[in-house]
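What follows is the content of protein_35.txt (compact mmCIF, C-alpha atoms and all ligand atoms).
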# COMPACT_ATOMS: atom_id res chain seq x y z
CA MET A 837 0.00 0.00 0.00
CA ARG A 838 1.21 3.51 -0.80
CA PRO A 839 2.16 5.55 2.26
CA GLU A 840 -0.41 8.20 3.22
CA TYR A 841 1.82 11.13 2.24
CA ALA A 842 2.03 9.77 -1.32
CA ARG A 843 -1.76 9.56 -1.77
CA GLY A 844 -3.96 12.16 -3.45
CA VAL A 845 -5.35 15.14 -1.51
CA SER A 846 -9.02 14.12 -1.81
CA GLU A 847 -8.29 10.47 -0.97
CA HIS A 848 -6.46 11.66 2.11
CA ALA A 849 -9.20 14.14 3.05
CA ASP A 850 -11.68 11.24 3.19
CA THR A 851 -9.46 9.35 5.65
CA GLY A 852 -9.09 12.50 7.78
CA ARG A 853 -12.78 13.21 7.70
CA ALA A 854 -13.68 9.71 8.89
CA ARG A 855 -11.14 9.82 11.72
CA PHE A 856 -12.07 13.29 13.00
CA ALA A 857 -15.82 12.89 12.48
CA GLU A 858 -15.77 10.08 15.04
CA THR A 859 -13.71 12.03 17.55
CA ALA A 860 -14.91 15.66 17.12
CA GLU A 861 -16.24 15.98 20.66
CA ALA A 862 -13.08 14.50 22.20
CA VAL A 863 -10.94 16.86 20.08
CA GLY A 864 -13.02 19.77 21.42
CA ARG A 865 -12.64 18.63 25.03
CA ARG A 866 -8.87 18.28 24.57
CA SER A 867 -8.72 21.84 23.16
CA ASP A 868 -10.65 23.13 26.17
CA GLU A 869 -8.23 21.45 28.59
CA ARG A 870 -5.29 23.17 26.94
CA ALA A 871 -6.94 26.54 26.19
CA ALA A 872 -5.34 28.53 29.02
CA GLU A 873 -1.87 27.11 28.34
CA PHE A 874 -2.19 27.87 24.60
CA ALA A 875 -3.41 31.40 25.26
CA ARG A 876 -0.40 32.17 27.48
CA ARG A 877 1.98 30.72 24.93
CA ILE A 878 0.41 32.52 21.96
CA ARG A 879 0.50 35.84 23.77
CA ARG A 880 4.17 35.37 24.63
CA LEU A 881 5.20 34.18 21.16
CA VAL A 882 3.15 36.48 18.94
CA SER A 883 2.92 39.63 21.15
CA PRO A 884 -0.30 40.85 19.49
CA THR A 885 -1.28 44.54 19.62
CA GLY A 886 -5.03 43.81 19.62
CA GLU A 887 -5.55 45.15 16.08
CA GLU A 888 -4.67 41.99 14.16
CA ARG A 889 -6.79 39.90 11.84
CA ALA A 890 -5.62 36.34 12.42
CA LEU A 891 -6.01 32.98 10.72
CA ASP A 892 -6.06 29.50 12.28
CA SER A 893 -5.49 27.12 9.35
CA GLY A 894 -6.67 23.52 9.92
CA SER A 895 -8.35 24.68 13.10
CA GLY A 896 -10.09 21.50 14.23
CA THR A 897 -12.48 22.75 16.91
CA GLY A 898 -10.46 25.97 17.24
CA ALA A 899 -7.62 25.46 19.76
CA LEU A 900 -5.42 28.15 18.17
CA ALA A 901 -8.36 30.36 17.13
CA PHE A 902 -9.68 30.61 20.70
CA ALA A 903 -6.18 31.09 22.10
CA LEU A 904 -5.75 34.09 19.75
CA ALA A 905 -9.26 35.49 20.20
CA ALA A 906 -8.66 37.44 23.41
CA PHE A 907 -5.61 39.24 22.01
CA VAL A 908 -6.54 40.16 18.43
CA ARG A 909 -9.38 41.97 16.63
CA GLU A 910 -10.66 39.05 14.60
CA VAL A 911 -9.89 35.36 14.02
CA VAL A 912 -10.88 33.26 11.04
CA ALA A 913 -10.65 29.49 11.55
CA VAL A 914 -10.44 27.26 8.48
CA GLU A 915 -11.34 23.58 8.71
CA ILE A 916 -12.33 20.86 6.25
CA VAL A 917 -14.16 18.29 8.42
CA PRO A 918 -17.85 19.21 8.87
CA GLU A 919 -18.16 17.64 12.32
CA LEU A 920 -15.18 19.65 13.61
CA LEU A 921 -16.58 22.84 12.05
CA ALA A 922 -19.90 22.20 13.79
CA GLU A 923 -18.18 21.63 17.14
CA GLY A 924 -16.01 24.74 16.62
CA ARG A 925 -19.01 26.89 15.70
CA ARG A 926 -20.84 25.70 18.81
CA ARG A 927 -17.88 26.83 20.93
CA ALA A 928 -17.54 30.10 18.96
CA ALA A 929 -21.00 31.19 20.15
CA ALA A 930 -19.22 32.45 23.28
CA TYR A 931 -16.84 34.64 21.19
CA ALA A 932 -17.82 37.73 19.19
CA ASN A 933 -14.69 37.72 17.00
CA VAL A 934 -14.19 34.09 15.85
CA THR A 935 -15.64 32.77 12.57
CA PHE A 936 -15.28 29.25 11.17
CA VAL A 937 -14.95 28.78 7.41
CA ASP A 938 -15.33 25.49 5.53
CA ALA A 939 -12.24 25.44 3.30
CA ASP A 940 -9.09 23.58 2.31
CA ALA A 941 -5.98 24.91 4.06
CA THR A 942 -3.91 24.11 0.97
CA ARG A 943 -6.21 26.27 -1.23
CA LEU A 944 -7.37 29.09 0.99
CA PRO A 945 -10.34 31.18 -0.21
CA PHE A 946 -8.65 34.46 0.76
CA ALA A 947 -6.86 37.21 -1.14
CA ASP A 948 -3.13 37.76 -0.79
CA ALA A 949 -1.96 39.51 2.39
CA GLU A 950 -5.40 39.52 4.13
CA PHE A 951 -4.04 38.55 7.55
CA ASP A 952 -1.60 40.06 10.04
CA VAL A 953 -1.02 36.70 11.74
CA ALA A 954 -1.49 33.25 10.20
CA GLY A 955 -0.92 30.08 12.19
CA THR A 956 -1.29 26.36 11.98
CA LEU A 957 -1.27 23.97 14.91
CA SER A 958 -0.68 20.21 14.47
CA VAL A 959 -1.66 20.22 10.80
CA VAL A 960 1.69 19.82 8.98
CA HIS A 961 1.67 16.10 9.81
CA HIS A 962 -1.89 15.74 8.52
CA VAL A 963 -1.54 16.98 4.95
CA PRO A 964 -0.03 15.05 2.03
CA ARG A 965 1.58 18.28 0.71
CA PRO A 966 2.85 20.37 3.65
CA GLU A 967 4.60 22.71 1.20
CA LEU A 968 1.14 23.82 -0.06
CA LEU A 969 -0.08 24.44 3.50
CA LEU A 970 2.98 26.63 4.15
CA ALA A 971 2.82 28.45 0.81
CA GLU A 972 -0.83 29.35 1.43
CA LEU A 973 -0.13 30.59 4.96
CA VAL A 974 2.59 32.84 3.59
CA ARG A 975 0.49 34.07 0.65
CA VAL A 976 -2.37 35.27 2.89
CA THR A 977 -0.06 36.94 5.45
CA ARG A 978 0.75 40.60 4.82
CA PRO A 979 4.41 41.51 4.30
CA GLY A 980 5.74 42.24 7.78
CA GLY A 981 3.16 39.90 9.32
CA THR A 982 3.69 36.82 11.48
CA VAL A 983 3.43 33.15 10.56
CA LEU A 984 3.18 30.61 13.39
CA VAL A 985 3.80 26.91 12.77
CA ALA A 986 3.52 24.39 15.59
CA ASP A 987 3.66 20.63 15.27
CA GLN A 988 5.38 17.48 16.38
CA VAL A 989 8.98 17.30 15.13
CA ALA A 990 10.59 14.07 13.89
CA PRO A 991 14.00 12.86 15.07
CA ALA A 992 16.92 13.91 12.85
CA ASP A 993 17.83 10.21 12.39
CA PRO A 994 15.83 9.10 9.29
CA LEU A 995 15.34 5.54 10.60
CA ALA A 996 13.99 6.77 13.92
CA ALA A 997 11.72 9.17 12.00
CA LEU A 998 10.49 6.29 9.83
CA GLU A 999 9.62 4.22 12.90
CA LEU A 1000 7.87 7.13 14.58
CA ASN A 1001 5.78 7.78 11.47
CA ARG A 1002 4.92 4.09 11.16
CA PHE A 1003 3.60 4.14 14.74
CA GLU A 1004 1.69 7.41 14.30
CA ARG A 1005 0.12 6.19 11.04
CA ALA A 1006 -0.99 2.92 12.66
CA ARG A 1007 -2.65 4.95 15.43
CA ASP A 1008 -4.26 7.37 12.98
CA PRO A 1009 -4.45 6.55 9.25
CA SER A 1010 -4.88 10.26 8.45
CA HIS A 1011 -1.39 10.96 9.79
CA THR A 1012 0.94 11.66 6.84
CA ARG A 1013 4.43 12.47 8.06
CA VAL A 1014 6.02 14.29 10.98
CA LEU A 1015 8.78 16.52 9.55
CA SER A 1016 12.16 17.03 11.18
CA ASP A 1017 13.37 20.42 12.41
CA ALA A 1018 15.67 20.57 9.36
CA ASP A 1019 12.77 19.75 6.97
CA LEU A 1020 10.63 22.47 8.55
CA ARG A 1021 13.41 25.04 8.38
CA GLY A 1022 13.91 24.13 4.70
CA LEU A 1023 10.21 24.78 4.04
CA PHE A 1024 10.44 28.14 5.83
CA ASP A 1025 13.50 29.08 3.75
CA VAL A 1026 11.96 28.27 0.38
CA ASN A 1027 8.96 30.40 1.34
CA GLY A 1028 11.22 33.36 2.14
CA LEU A 1029 10.27 33.40 5.83
CA VAL A 1030 12.58 34.77 8.51
CA LEU A 1031 12.73 32.64 11.64
CA VAL A 1032 12.15 34.89 14.66
CA ARG A 1033 11.99 32.23 17.33
CA ALA A 1034 11.96 28.43 17.64
CA GLU A 1035 11.05 26.53 20.78
CA LEU A 1036 11.32 22.76 20.99
CA GLU A 1037 9.68 21.11 23.97
CA GLU A 1038 9.10 17.57 25.12
CA GLU A 1039 5.59 16.24 25.68
CA ARG A 1040 5.04 12.92 27.45
CA ARG A 1041 2.16 11.03 25.86
CA GLU A 1042 0.46 8.27 27.83
CA LEU A 1043 -0.34 5.66 25.20
CA ALA A 1044 -3.83 4.61 26.37
CA PRO A 1045 -5.47 8.09 26.20
CA TYR A 1046 -3.37 8.99 23.16
CA LEU A 1047 -4.76 6.01 21.23
CA ASP A 1048 -8.27 6.61 22.61
CA CYS A 1049 -8.37 10.17 21.31
CA ALA A 1050 -7.66 8.91 17.76
CA GLY A 1051 -10.43 6.30 18.11
CA CYS A 1052 -7.78 3.57 17.75
CA GLY A 1053 -9.34 0.30 18.93
CA GLY A 1054 -9.51 -3.44 18.25
CA GLU A 1055 -6.93 -4.96 15.95
CA ALA A 1056 -5.50 -1.56 14.95
CA ARG A 1057 -4.79 -0.86 18.62
CA GLU A 1058 -2.84 -4.11 18.98
CA ARG A 1059 -0.82 -3.31 15.86
CA THR A 1060 -0.18 0.25 17.03
CA LEU A 1061 0.93 -0.81 20.52
CA ALA A 1062 3.41 -3.25 18.92
CA LEU A 1063 4.96 -0.30 17.06
CA ALA A 1064 4.91 2.14 19.99
CA PRO A 1065 8.20 3.82 20.95
CA GLY A 1066 7.50 3.05 24.65
CA ALA A 1067 5.57 0.50 26.72
CA GLU A 1068 3.10 2.85 28.43
CA SER A 1069 4.11 6.28 27.20
CA TYR A 1070 6.50 8.04 24.89
CA VAL A 1071 8.05 11.46 24.64
CA ALA A 1072 7.17 13.53 21.58
CA THR A 1073 9.07 16.67 20.57
CA ILE A 1074 6.85 19.63 19.75
CA GLY A 1075 8.22 22.56 17.76
CA TRP A 1076 6.83 26.11 17.94
CA TYR A 1077 8.16 28.34 15.16
CA VAL A 1078 7.48 32.06 14.93
CA LEU A 1079 8.34 33.49 11.52
CA ARG A 1080 8.12 36.84 9.79
CA ARG A 1081 7.09 37.40 6.21
CA PRO A 1082 9.62 40.07 5.29
CA ALA A 1083 8.33 43.43 4.10
CA PRO A 1084 9.84 44.61 0.80
CA ALA A 1085 12.99 46.75 1.31
C1 LIG A 1101 -4.38 17.10 14.62
S1 LIG A 1101 -5.70 18.07 14.08
C2 LIG A 1101 -5.30 19.64 14.78
C3 LIG A 1101 -6.52 20.51 14.94
C4 LIG A 1101 -6.26 21.83 15.66
N1 LIG A 1101 -5.37 22.68 14.91
C5 LIG A 1101 -5.75 21.58 17.06
O1 LIG A 1101 -4.55 21.80 17.30
O2 LIG A 1101 -6.55 21.14 17.90
C6 LIG A 1101 -5.39 18.33 12.34
C7 LIG A 1101 -6.51 19.14 11.71
O3 LIG A 1101 -6.16 19.50 10.38
C8 LIG A 1101 -7.35 19.44 9.61
N2 LIG A 1101 -6.98 19.37 8.20
C9 LIG A 1101 -6.24 18.40 7.60
N3 LIG A 1101 -6.10 18.68 6.29
C10 LIG A 1101 -6.78 19.86 6.08
C11 LIG A 1101 -6.98 20.67 4.93
N4 LIG A 1101 -6.48 20.33 3.72
N5 LIG A 1101 -7.71 21.79 5.07
C12 LIG A 1101 -8.23 22.15 6.28
N6 LIG A 1101 -8.05 21.41 7.41
C13 LIG A 1101 -7.33 20.29 7.29
C14 LIG A 1101 -8.01 18.19 10.14
O4 LIG A 1101 -9.34 18.07 9.73
C15 LIG A 1101 -7.82 18.39 11.63
O5 LIG A 1101 -8.82 19.19 12.17

Now, as a test, write the supplied structure out as structure tokens.
Amino acid sequence: MRPEYARGVSEHADTGRARFAETAEAVGRRSDERAAEFARRIRRLVSPTGEERALDSGSGTGALAFALAAFVREVVAVEIVPELLAEGRRRAAAYANVTFVDADATRLPFADAEFDVAGTLSVVHHVPRPELLLAELVRVTRPGGTVLVADQVAPADPLAALELNRFERARDPSHTRVLSDADLRGLFDVNGLVLVRAELEEERRELAPYLDCAGCGGEARERTLALAPGAESYVATIGWYVLRRPAPA
């Protein structure tokens, strides 16, 4: 079978839709649990003035959108799975400045330079063509604006990265590929972005709840546990990258 990252975009979207449709409520609960932590981090990393129009690309139920909402003028959240959009819109009823839009993050329905801040949280490893996700984020960010990319980071050792991706794909068939720090920096470079800040942090993941939240049960669970990097838990590296789209000289 072809690996997920080599499959077509629509084929992959169907896998993602099925996986997230089943777990939309759990994804929302998980976002709620981490909302305060994300808000603190976003404020520290992005230092918003309060005037920004911001984008959360591949928003799920809106973890990044709601973290930004208190600090910026307006947030637009883009998501492709209807069940996640519905869950996000339900949550957005409590916010006057967050709107959810049904769209593909790799073909955004926005004009060039519409946003002051454009971010994506845990989406790079879910798209077959991460270079399109990045290119679109950059296109819709105004020159001088901020791009935020956060996701799990693969080990530099290609064999270790291969094993990690095999495990993650067994847990969640819509997983494509976790990129390494070097891969991500390469993507930032080809898009002309200037790296302002990078923070790598370790996150311990208990396997049982981690598999539960992807709806990984039955035979798939057995297969996934056999590939797991640890017996009961494993430590993932999460990268937070703050980048600037340079203004013309
Ligand atoms: C791991 S989830 C992260 C969701 C959210 N950003 C968060 O951190 O809670 C990955 C998200 O990317 C979305 N996604 C994947 N491909 C997409 C695409 N082409 N356009 C829009 N959303 C996409 C999925 O539907 C899912 O909501």

Practice task
Using all atoms listed in the file, determine which residues lie at most 8 Å from region 978-983 of chain A, disregarding the query and same-chain residues fewer than 3 positions distant; provide the list as a ChimeraX atom specification.
Solution key: /A:882,948-955,973-975,1078-1084

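Reported to one decimal place, the separation of CA of Leu900 (chain A) from atom C1 of ligand LIG 1101 (chain A) is 11.7 Å.
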
Exercise for the section: Go through A:Glu1004, A:Asp1017, A:Glu1068, A:Glu888 one by one, measure the shortest atom-to-atom distance of each to ligand LIG 1101 (chain A) using only C-alpha atoms and all ligand atoms, and give the residue with the smallest value. Expected result: A:Glu1004

Counting all atoms listed in the file, what are the residues of chain A within 8 Å of ligand LIG 1101 (chain A), and for each of them which pair of atoms is the nearest and at what distance in Å, to one decimal? Sort the table by chain and rising number, as a Markdown table.
| residue | atom | partner | partner_atom | distance |
| --- | --- | --- | --- | --- |
| A:Val845 | CA | A:LIG1101 | N4 | 7.5 |
| A:Ala849 | CA | A:LIG1101 | N3 | 6.4 |
| A:Gly852 | CA | A:LIG1101 | O4 | 5.9 |
| A:Arg853 | CA | A:LIG1101 | O4 | 6.3 |
| A:Phe856 | CA | A:LIG1101 | O4 | 6.4 |
| A:Val863 | CA | A:LIG1101 | O2 | 6.5 |
| A:Gly864 | CA | A:LIG1101 | O2 | 7.5 |
| A:Arg866 | CA | A:LIG1101 | O2 | 7.6 |
| A:Ser867 | CA | A:LIG1101 | O2 | 5.7 |
| A:Asp892 | CA | A:LIG1101 | N1 | 7.3 |
| A:Ser893 | CA | A:LIG1101 | C12 | 6.5 |
| A:Gly894 | CA | A:LIG1101 | N6 | 3.6 |
| A:Ser895 | CA | A:LIG1101 | N1 | 4.0 |
| A:Gly896 | CA | A:LIG1101 | O5 | 3.3 |
| A:Thr897 | CA | A:LIG1101 | O2 | 6.2 |
| A:Gly898 | CA | A:LIG1101 | C4 | 6.1 |
| A:Ala899 | CA | A:LIG1101 | O2 | 4.8 |
| A:Leu900 | CA | A:LIG1101 | N1 | 6.4 |
| A:Val914 | CA | A:LIG1101 | C12 | 6.0 |
| A:Glu915 | CA | A:LIG1101 | N6 | 4.2 |
| A:Ile916 | CA | A:LIG1101 | C12 | 4.3 |
| A:Val917 | CA | A:LIG1101 | O4 | 5.0 |
| A:Leu920 | CA | A:LIG1101 | O5 | 6.5 |
| A:Asp938 | CA | A:LIG1101 | C12 | 7.9 |
| A:Ala939 | CA | A:LIG1101 | C12 | 6.0 |
| A:Asp940 | CA | A:LIG1101 | N5 | 3.6 |
| A:Ala941 | CA | A:LIG1101 | N5 | 3.7 |
| A:Thr942 | CA | A:LIG1101 | N4 | 5.3 |
| A:Arg943 | CA | A:LIG1101 | N4 | 7.7 |
| A:Thr956 | CA | A:LIG1101 | N1 | 6.2 |
| A:Leu957 | CA | A:LIG1101 | N1 | 4.3 |
| A:Ser958 | CA | A:LIG1101 | C2 | 4.7 |
| A:Val959 | CA | A:LIG1101 | C6 | 4.5 |
| A:Val960 | CA | A:LIG1101 | C6 | 8.0 |
| A:His961 | CA | A:LIG1101 | C1 | 7.8 |
| A:His962 | CA | A:LIG1101 | C9 | 5.2 |
| A:Val963 | CA | A:LIG1101 | N3 | 5.0 |
| A:Leu969 | CA | A:LIG1101 | N4 | 7.6 |

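Here CA of Ala906 (chain A) stands at a distance of 19.5 Å from CA of Glu923 (chain A).
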
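Closest approach to Ala1072 (chain A) from the set A:Ala1018, A:Leu1000, A:Glu861, A:Tyr931 is made by A:Leu1000, with distances taken over only C-alpha atoms.
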
Exercise for the section: Report the distance between CA of Val989 (chain A) and CA of Phe936 (chain A) in Å, rounded to one decimal place. Expected result: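 Here the two named atoms are 27.3 Å from each other.
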
Practice task
Write out as number ranges by chain the residues lying within 12 Å of Arg1041 (chain A), counting all atoms listed in the file and excluding same-chain residues fewer than 2 positions away.
Solution key: A: 988, 1038-1039, 1043-1049, 1064-1074

Rows by chain and residue number, region 963-1016 of chain A within 9 Å of region 1021-1031 of chain A, shortest pair, all atoms listed in the file, as JSON lines:
{"residue": "A:Pro966", "atom": "CA", "partner": "A:Leu1023", "partner_atom": "CA", "distance": 8.6}
{"residue": "A:Glu967", "atom": "CA", "partner": "A:Leu1023", "partner_atom": "CA", "distance": 6.6}
{"residue": "A:Leu970", "atom": "CA", "partner": "A:Leu1023", "partner_atom": "CA", "distance": 7.5}
{"residue": "A:Ala971", "atom": "CA", "partner": "A:Asn1027", "partner_atom": "CA", "distance": 6.5}
{"residue": "A:Val974", "atom": "CA", "partner": "A:Asn1027", "partner_atom": "CA", "distance": 7.2}
{"residue": "A:Val983", "atom": "CA", "partner": "A:Leu1029", "partner_atom": "CA", "distance": 8.3}
{"residue": "A:Ser1016", "atom": "CA", "partner": "A:Arg1021", "partner_atom": "CA", "distance": 8.6}

Practice task
Name all residues at most 7 Å from Ala905 (chain A) (count all atoms listed in the file; drop same-chain ones fewer than 4 positions away) and give them as a list in words.
Solution key: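 Final neighbour list, sorted by chain and number: Ala901, Glu910, Val911, Asn933 and Val934 of chain A.
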
Exercise for the section: Would you mind telling me which residue in A:Arg1007, A:Arg965, A:Val976, A:Arg876 lies nearest to Val912 (chain A) when using only C-alpha atoms? Expected result: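 So, comparing all the options, the nearest one is A:Val976.
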
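Between Ala986 (chain A) and the residues A:Glu887, A:Asp868, A:Glu1037, A:Glu1058, the shortest atom-to-atom distance, using all atoms listed in the file, involves A:Glu1037.
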
Completion exercise
Arg877 (chain A) proximity check over A:Ala854, A:Ala992, A:Leu968, A:Leu984, using all atoms listed in the file: winner is A:Leu984

Problem - Best match for closeness to Tyr1077 (chain A) among A:Leu1036, A:Cys1052, A:Ala997, A:Leu1061, counting all atoms listed in the file - result: A:Leu1036
